[in-house]
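**Student:** Here you go, data_21.cif (mmCIF, C-alpha atoms):
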data_run
loop_
_atom_site.label_atom_id
_atom_site.label_comp_id
_atom_site.auth_asym_id
_atom_site.auth_seq_id
_atom_site.Cartn_x
_atom_site.Cartn_y
_atom_site.Cartn_z
CA MET A 1 0.00 0.00 0.00
CA LEU A 2 0.99 3.62 -0.34
CA GLU A 3 2.83 5.15 2.60
CA VAL A 4 1.21 7.36 5.22
CA GLY A 5 2.52 10.90 4.74
CA THR A 6 2.73 10.69 0.94
CA LYS A 7 0.57 12.64 -1.50
CA ALA A 8 -2.44 10.63 -2.64
CA PRO A 9 -2.33 10.14 -6.43
CA ASP A 10 -4.94 12.34 -8.11
CA PHE A 11 -7.35 10.66 -10.49
CA THR A 12 -10.55 11.19 -12.42
CA LEU A 13 -13.12 8.37 -12.69
CA PRO A 14 -16.81 8.26 -13.60
CA ASP A 15 -19.37 8.03 -10.82
CA LYS A 16 -22.53 5.87 -10.97
CA ASP A 17 -24.15 8.44 -13.28
CA GLY A 18 -21.13 8.69 -15.59
CA ASN A 19 -20.05 12.10 -14.26
CA PRO A 20 -16.27 12.59 -13.93
CA VAL A 21 -15.07 12.90 -10.33
CA SER A 22 -11.50 13.84 -9.40
CA LEU A 23 -9.83 13.40 -6.04
CA SER A 24 -8.62 17.00 -6.36
CA ASP A 25 -12.30 18.09 -6.29
CA PHE A 26 -12.17 17.33 -2.55
CA LEU A 27 -9.11 19.37 -1.57
CA GLY A 28 -10.06 21.16 1.64
CA LYS A 29 -12.04 18.10 2.85
CA LYS A 30 -11.00 14.82 4.37
CA VAL A 31 -11.74 11.80 2.20
CA VAL A 32 -12.22 8.13 3.05
CA LEU A 33 -11.24 6.29 -0.12
CA TYR A 34 -12.11 2.62 0.05
CA PHE A 35 -11.40 -0.04 -2.55
CA TYR A 36 -13.53 -3.16 -2.76
CA PRO A 37 -13.59 -6.19 -5.08
CA ARG A 38 -17.11 -6.26 -6.54
CA ASP A 39 -20.64 -4.83 -6.40
CA ASN A 40 -23.41 -7.09 -5.03
CA THR A 41 -21.16 -9.69 -3.42
CA PRO A 42 -21.95 -10.46 0.24
CA GLY A 43 -18.87 -8.83 1.84
CA CYS A 44 -18.86 -5.81 -0.44
CA THR A 45 -22.58 -5.26 0.12
CA ARG A 46 -22.16 -5.41 3.92
CA GLN A 47 -19.22 -2.99 3.73
CA ALA A 48 -21.08 -0.53 1.47
CA CYS A 49 -24.21 -0.68 3.65
CA ALA A 50 -22.11 -0.05 6.78
CA PHE A 51 -20.59 3.05 5.15
CA GLY A 52 -24.08 4.06 4.02
CA ALA A 53 -25.50 3.67 7.54
CA ALA A 54 -22.64 5.73 9.01
CA TYR A 55 -22.60 8.32 6.20
CA GLY A 56 -24.35 10.98 8.32
CA GLN A 57 -21.62 10.64 10.94
CA PHE A 58 -18.92 11.02 8.27
CA GLN A 59 -20.72 14.10 6.88
CA ALA A 60 -20.97 15.59 10.40
CA LEU A 61 -17.17 15.32 10.60
CA GLY A 62 -16.82 16.99 7.19
CA VAL A 63 -15.56 13.77 5.60
CA GLU A 64 -16.46 12.51 2.13
CA VAL A 65 -16.71 8.73 1.50
CA ILE A 66 -15.76 7.33 -1.91
CA GLY A 67 -15.92 3.65 -2.90
CA VAL A 68 -13.91 2.38 -5.89
CA SER A 69 -14.11 -0.96 -7.70
CA LYS A 70 -13.52 -2.22 -11.21
CA ASP A 71 -17.25 -2.56 -11.79
CA SER A 72 -18.93 -0.57 -14.56
CA VAL A 73 -20.91 2.65 -14.18
CA ALA A 74 -24.12 0.67 -14.84
CA SER A 75 -23.22 -1.87 -12.14
CA HIS A 76 -22.56 0.94 -9.63
CA GLN A 77 -25.86 2.58 -10.53
CA LYS A 78 -27.81 -0.62 -9.78
CA PHE A 79 -25.76 -1.34 -6.62
CA ALA A 80 -26.29 2.19 -5.24
CA ALA A 81 -30.02 2.14 -6.04
CA LYS A 82 -30.60 -1.35 -4.63
CA HIS A 83 -28.92 -0.51 -1.30
CA ASP A 84 -29.76 3.23 -1.17
CA LEU A 85 -26.07 4.20 -0.94
CA PRO A 86 -25.66 7.96 -0.34
CA PHE A 87 -21.94 8.25 -1.12
CA LEU A 88 -19.91 8.24 -4.34
CA LEU A 89 -19.10 5.00 -6.12
CA LEU A 90 -16.46 5.32 -8.82
CA ALA A 91 -15.91 2.92 -11.71
CA ASP A 92 -12.33 1.86 -12.49
CA PRO A 93 -12.76 -0.97 -15.05
CA GLU A 94 -9.20 -0.50 -16.34
CA THR A 95 -7.87 -0.71 -12.73
CA GLN A 96 -5.62 2.34 -13.26
CA VAL A 97 -6.52 3.94 -9.91
CA ILE A 98 -6.72 0.56 -8.15
CA GLN A 99 -3.16 -0.10 -9.31
CA ALA A 100 -1.97 3.45 -8.52
CA TYR A 101 -3.11 2.90 -4.92
CA ASP A 102 -1.34 -0.48 -4.84
CA VAL A 103 -4.40 -2.57 -4.00
CA TRP A 104 -4.39 -4.77 -7.16
CA LYS A 105 -2.76 -7.95 -5.88
CA GLU A 106 -2.45 -11.66 -6.39
CA LYS A 107 -5.24 -13.41 -4.49
CA LYS A 108 -5.82 -17.06 -3.69
CA LEU A 109 -9.29 -18.53 -3.47
CA TYR A 110 -9.77 -22.27 -3.05
CA GLY A 111 -6.22 -22.83 -4.28
CA LYS A 112 -6.79 -20.78 -7.44
CA VAL A 113 -4.53 -17.77 -7.92
CA SER A 114 -5.84 -14.67 -9.68
CA MET A 115 -5.37 -10.91 -9.65
CA GLY A 116 -7.93 -8.80 -7.87
CA THR A 117 -8.68 -5.82 -5.67
CA VAL A 118 -7.68 -6.25 -2.04
CA ARG A 119 -10.29 -4.64 0.24
CA SER A 120 -8.37 -1.61 1.53
CA THR A 121 -9.09 1.86 2.88
CA TYR A 122 -7.19 5.14 2.81
CA VAL A 123 -7.87 8.31 4.77
CA ILE A 124 -6.71 11.42 2.91
CA ASP A 125 -6.48 14.84 4.59
CA GLU A 126 -7.55 18.27 3.35
CA GLN A 127 -4.22 18.77 1.53
CA GLY A 128 -4.40 15.43 -0.29
CA ILE A 129 -1.92 13.64 2.01
CA ILE A 130 -2.53 10.04 3.09
CA THR A 131 -2.99 9.98 6.88
CA ALA A 132 -4.03 6.32 7.22
CA ALA A 133 -3.63 3.23 5.05
CA LEU A 134 -5.50 0.10 6.12
CA PRO A 135 -4.86 -3.07 4.10
CA LYS A 136 -7.12 -6.13 4.10
CA VAL A 137 -9.94 -4.51 6.06
CA LYS A 138 -12.95 -6.47 7.27
CA PRO A 139 -16.22 -5.53 5.52
CA ASP A 140 -18.30 -5.61 8.72
CA THR A 141 -16.05 -3.35 10.84
CA ASN A 142 -14.33 -1.08 8.30
CA ALA A 143 -16.73 1.90 8.49
CA GLN A 144 -16.75 1.96 12.32
CA GLU A 145 -12.94 1.57 12.48
CA ILE A 146 -12.53 4.56 10.19
CA LEU A 147 -15.03 6.65 12.18
CA ALA A 148 -13.18 5.84 15.41
CA LEU A 149 -9.88 6.76 13.76
CA LEU A 150 -11.30 10.07 12.51
CA LYS A 151 -12.84 10.95 15.87
CA GLY A 152 -9.66 10.05 17.75
CA ALA A 153 -7.34 11.87 15.40
CA PRO A 154 -6.29 15.34 16.54
CA ASN A 155 -7.44 18.10 14.20
CA PRO A 156 -4.64 20.10 12.57
#
Can I see the file as structure tokens?

**Tutor:**
Amino acid sequence: MLEVGTKAPDFTLPDKDGNPVSLSDFLGKKVVLYFYPRDNTPGCTRQACAFGAAYGQFQALGVEVIGVSKDSVASHQKFAAKHDLPFLLLADPETQVIQAYDVWKEKKLYGKVSMGTVRSTYVIDEQGIITAALPKVKPDTNAQEILALLKGAPNP
């Protein structure tokens, strides 16, 4: 994963409606950038719903939540609608951003090796600097862990 204290790579990806969204659009705000393997899979759905349920708390802290996967814009649109997700989902089908954030890794499932997105979360500060990098997060506890981290972190 990328190092804490380094500048988060800027990017532009389409959201669930096909609108371009850049990380630099959020300068001046903290961002929780989480990467997940796939829309509508059990773990990814639980993780997204947990972020959705806690979204008001993130907003109260002035924090934007952005989920990224290699799913298509259409897939994100259905996923967000089905689960009433209030935050941004960005489509990275070419895995350029997923690779830039070093979360595209070799994975083993039932003895089969393949490349895929490792469920990981970054916290990026108002200046675009990575302040936390959490690899291999658990879908059920990720949102609450990040909230606790944000609430416990001293404000600059």

**Student:** Taking the file above as input, evaluate the PyMOL selection byres ((chain A and resi 97) around 10) and report the hits as number ranges by chain.

**Tutor:** A: 9-13, 35, 68-70, 91-96, 98-104

**Student:** Written as a PyMOL selection string, what is the full residue list that the PyMOL selection byres ((chain A and resi 141) around 12) yields on the file shown?

**Tutor:** chain A and resi 43-44+46-51+54+121+136-140+142-148

**Student:** Hey, can you spit out that residue selection with C-alpha atoms as a PDB file, in the frame of the given file?

**Tutor:**
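Output file out-v9.pdb follows:
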ATOM      1  CA  GLY A  43     -18.870  -8.830   1.840  1.00  0.00           C
ATOM      2  CA  CYS A  44     -18.860  -5.810  -0.440  1.00  0.00           C
ATOM      3  CA  ARG A  46     -22.160  -5.410   3.920  1.00  0.00           C
ATOM      4  CA  GLN A  47     -19.220  -2.990   3.730  1.00  0.00           C
ATOM      5  CA  ALA A  48     -21.080  -0.530   1.470  1.00  0.00           C
ATOM      6  CA  CYS A  49     -24.210  -0.680   3.650  1.00  0.00           C
ATOM      7  CA  ALA A  50     -22.110  -0.050   6.780  1.00  0.00           C
ATOM      8  CA  PHE A  51     -20.590   3.050   5.150  1.00  0.00           C
ATOM      9  CA  ALA A  54     -22.640   5.730   9.010  1.00  0.00           C
ATOM     10  CA  THR A 121      -9.090   1.860   2.880  1.00  0.00           C
ATOM     11  CA  LYS A 136      -7.120  -6.130   4.100  1.00  0.00           C
ATOM     12  CA  VAL A 137      -9.940  -4.510   6.060  1.00  0.00           C
ATOM     13  CA  LYS A 138     -12.950  -6.470   7.270  1.00  0.00           C
ATOM     14  CA  PRO A 139     -16.220  -5.530   5.520  1.00  0.00           C
ATOM     15  CA  ASP A 140     -18.300  -5.610   8.720  1.00  0.00           C
ATOM     16  CA  ASN A 142     -14.330  -1.080   8.300  1.00  0.00           C
ATOM     17  CA  ALA A 143     -16.730   1.900   8.490  1.00  0.00           C
ATOM     18  CA  GLN A 144     -16.750   1.960  12.320  1.00  0.00           C
ATOM     19  CA  GLU A 145     -12.940   1.570  12.480  1.00  0.00           C
ATOM     20  CA  ILE A 146     -12.530   4.560  10.190  1.00  0.00           C
ATOM     21  CA  LEU A 147     -15.030   6.650  12.180  1.00  0.00           C
ATOM     22  CA  ALA A 148     -13.180   5.840  15.410  1.00  0.00           C
TER      23      ALA A 148
END

**Student:** Return the single residue from A:Glu64, A:Ser72, A:Thr6, A:Thr45 that is closest to Asp25 in chain A, with distances computed using all atoms listed in the file.

**Tutor:** A:Glu64

**Student:** Counting all atoms listed in the file, which residues have an atom no more than 12 Å from (-23.6, 8.5, -16.4) in the file's coordinates? Please list them as JSON, numbers by chain.

**Tutor:** {"A": [13, 14, 15, 16, 17, 18, 19, 20, 21, 72, 73, 74, 75, 76, 77, 89, 90, 91]}

**Student:** Applying the PyMOL selection byres ((chain A and resi 37) around 6) to the file I just gave you, which residues come out? Please list them as a short mmCIF file (atom, residue, chain, number, x, y, z; two decimals) with C-alpha atoms, in the coordinates of the input.

**Tutor:**
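The resulting file, part14.cif, is shown below:
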data_model
loop_
_atom_site.label_atom_id
_atom_site.label_comp_id
_atom_site.auth_asym_id
_atom_site.auth_seq_id
_atom_site.Cartn_x
_atom_site.Cartn_y
_atom_site.Cartn_z
CA TYR A 36 -13.53 -3.16 -2.76
CA ARG A 38 -17.11 -6.26 -6.54
CA SER A 69 -14.11 -0.96 -7.70
CA THR A 117 -8.68 -5.82 -5.67
#

**Student:** Hey, which of A:Gly152, A:Gly5, A:Gly28, A:Gly56 ends up closest to Phe87 in chain A? Count only C-alpha atoms.

**Tutor:**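 Going through A:Gly152, A:Gly5, A:Gly28, A:Gly56 one by one, the smallest distance to Phe87 in chain A is for A:Gly56.
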
**Student:** What is the CA of Gly62 in chain A-CA of Ile124 in chain A distance in Å, reported with one decimal?

**Tutor:**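 Result for CA of Gly62 in chain A versus CA of Ile124 in chain A: 12.3 Å, one decimal.
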
**Student:** Would you compute an axis-aligned box for range 64-74 of chain A, covering every atom listed for it in the file with 3 Å of margin on each side, and report centre and edge lengths in Å to one decimal as lines of an AutoDock Vina configuration file?

**Tutor:**
center_x = -18.8
center_y = 5.0
center_z = -6.4
size_x = 16.6
size_y = 21.1
size_z = 23.0

**Student:** At what distance in Å, to one decimal, does CA of Leu23 in chain A lie from CA of Gln127 in chain A?

**Tutor:**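 Here the two named atoms are 10.8 Å from each other.
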
**Student:** Separation of CA of Gly67 in chain A and CA of Val32 in chain A, in Å?

**Tutor:**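 Those two atoms sit 8.3 Å apart.
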
**Student:** Which residues are near Pro135 in chain A? Cut-off 8 Å, all atoms listed in the file, ignore same chain within fewer than 6 positions. Put them as a count of residues only.

**Tutor:** 5

**Student:** Nearest to Phe58 in chain A among A:Gly128, A:Gly111, A:Gly116, A:Pro86, with distances taken over only C-alpha atoms: which residue is it?

**Tutor:**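 Once distances to Phe58 in chain A are computed over only C-alpha atoms, the minimum belongs to A:Pro86.
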